[in-house]
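One file, start-v4.tsv, carrying TSV, C-alpha atoms:
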chain	number	residue	atom	x	y	z
A	212	MET	CA	144.38	102.08	96.19
A	213	PRO	CA	140.79	101.96	97.54
A	214	ARG	CA	138.88	98.75	97.22
A	215	LEU	CA	135.93	98.81	94.81
A	216	ARG	CA	132.66	98.71	96.68
A	217	HIS	CA	129.68	96.64	95.69
A	218	ARG	CA	126.21	98.05	95.88
A	219	GLY	CA	124.93	97.73	99.41
A	220	GLU	CA	128.25	98.63	101.01
A	221	THR	CA	127.70	102.31	100.33
A	222	PHE	CA	124.63	104.46	99.92
A	223	HIS	CA	126.05	106.32	96.88
A	224	PHE	CA	123.76	104.43	94.48
A	225	GLU	CA	120.68	105.38	96.51
A	226	VAL	CA	121.81	109.01	96.83
A	227	VAL	CA	122.30	109.39	93.07
A	228	ALA	CA	118.92	107.82	92.26
A	229	GLY	CA	117.18	109.87	94.96
A	230	GLN	CA	118.73	113.15	93.88
A	231	ALA	CA	117.85	112.50	90.23
A	232	ALA	CA	114.22	111.92	91.23
A	233	ALA	CA	114.23	115.03	93.46
A	234	GLY	CA	115.64	117.18	90.66
A	235	ILE	CA	113.06	116.00	88.18
A	236	MET	CA	110.29	116.60	90.70
A	237	GLN	CA	111.58	120.14	91.30
A	238	VAL	CA	111.49	120.87	87.55
A	239	GLN	CA	107.85	119.81	87.51
A	240	LEU	CA	107.02	121.96	90.53
A	241	ASP	CA	108.87	124.99	89.15
A	242	THR	CA	107.37	124.83	85.66
A	243	GLY	CA	103.96	123.26	86.24
A	244	VAL	CA	104.73	120.95	83.32
A	245	PRO	CA	104.15	117.24	83.95
A	246	VAL	CA	107.39	115.25	83.96
A	247	ALA	CA	107.65	111.46	83.87
A	248	PHE	CA	110.62	109.74	85.48
A	249	GLY	CA	111.57	106.53	83.69
A	250	VAL	CA	114.99	105.53	84.97
A	251	LEU	CA	116.03	101.98	85.73
A	252	THR	CA	118.48	101.50	88.56
A	253	THR	CA	120.36	98.33	87.76
A	254	ASP	CA	123.72	96.75	88.45
A	255	ASP	CA	124.33	95.50	84.91
A	256	LYS	CA	122.99	95.26	81.37
A	257	GLU	CA	121.28	91.93	82.00
A	258	GLN	CA	119.20	93.41	84.84
A	259	ALA	CA	118.31	96.39	82.68
A	260	LEU	CA	117.12	94.17	79.83
A	261	ALA	CA	115.14	91.94	82.18
A	262	ARG	CA	113.42	94.90	83.88
A	263	SER	CA	112.65	96.83	80.73
A	264	GLY	CA	110.79	94.06	78.91
A	265	ARG	CA	110.03	94.53	75.23
A	266	ARG	CA	109.49	98.29	75.49
A	267	THR	CA	111.89	100.80	76.85
A	268	GLN	CA	111.19	102.69	80.05
A	269	GLY	CA	111.71	105.89	78.06
A	270	ALA	CA	108.79	105.07	75.76
A	271	ASP	CA	106.56	104.37	78.75
A	272	ALA	CA	107.63	107.61	80.45
A	273	ALA	CA	106.94	109.57	77.26
A	274	GLU	CA	103.44	108.11	77.00
A	275	VAL	CA	102.72	108.99	80.63
A	276	ALA	CA	103.98	112.56	80.12
A	277	ILE	CA	101.68	113.02	77.11
A	278	GLU	CA	98.70	111.58	79.00
A	279	MET	CA	99.41	113.88	81.96
A	280	ALA	CA	99.72	116.93	79.71
A	281	ASN	CA	96.42	116.08	77.99
A	282	LEU	CA	94.71	115.56	81.36
A	283	LEU	CA	96.04	118.85	82.67
A	284	ARG	CA	94.82	120.64	79.53
A	285	SER	CA	91.33	119.13	79.92
A	286	ILE	CA	91.14	120.09	83.60
A	287	GLN	CA	92.26	123.65	82.97
A	288	GLY	CA	89.79	124.01	80.13

Full structure transcribed into structure tokens:
Amino acid sequence: MPRLRHRGETFHFEVVAGQAAAGIMQVQLDTGVPVAFGVLTTDDKEQALARSGRRTQGADAAEVAIEMANLLRSIQG
């Protein structure tokens, strides 16, 4: 049975995070619709809670997406 690897012993974690970001970027490029990427990459729940603060990253990403859409609308007239 293979030994479980910890983060840092393999680049799988980085590949998954990088490909998720690349996919979201491609959606934005293909559609022209602003997309905000609010994903935390953590090892456990405690890290996620510490990094997210009082608000969730999703709420912050949603606010950014709305601001970007409004800016794009004002630029395009």

Set the distance at 10 Å and use all atoms listed in the file: which residues neighbour region 248-256 of chain A once local chain neighbours fewer than 6 positions away are removed? I'd like the list as a ChimeraX atom specification.
/A:217-218,224-225,227-228,231-232,235-236,262-263,267-273,275-276

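Residues in contact with Val244 (chain A) at 12 Å, where only C-alpha atoms are counted and same-chain residues fewer than 3 positions away are skipped, are listed as A:Ile235, A:Met236, A:Gln237, A:Val238, A:Gln239, A:Leu240, A:Asp241, A:Ala247, A:Ala276, A:Ile277, A:Glu278, A:Met279, A:Ala280, A:Asn281, A:Leu282, A:Leu283, A:Arg284.
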
Rounded to one decimal in Å, what is the spacing between CA of Gly234 (chain A) and CA of Glu274 (chain A)?
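Computing it gives 20.4 Å between the two atoms.
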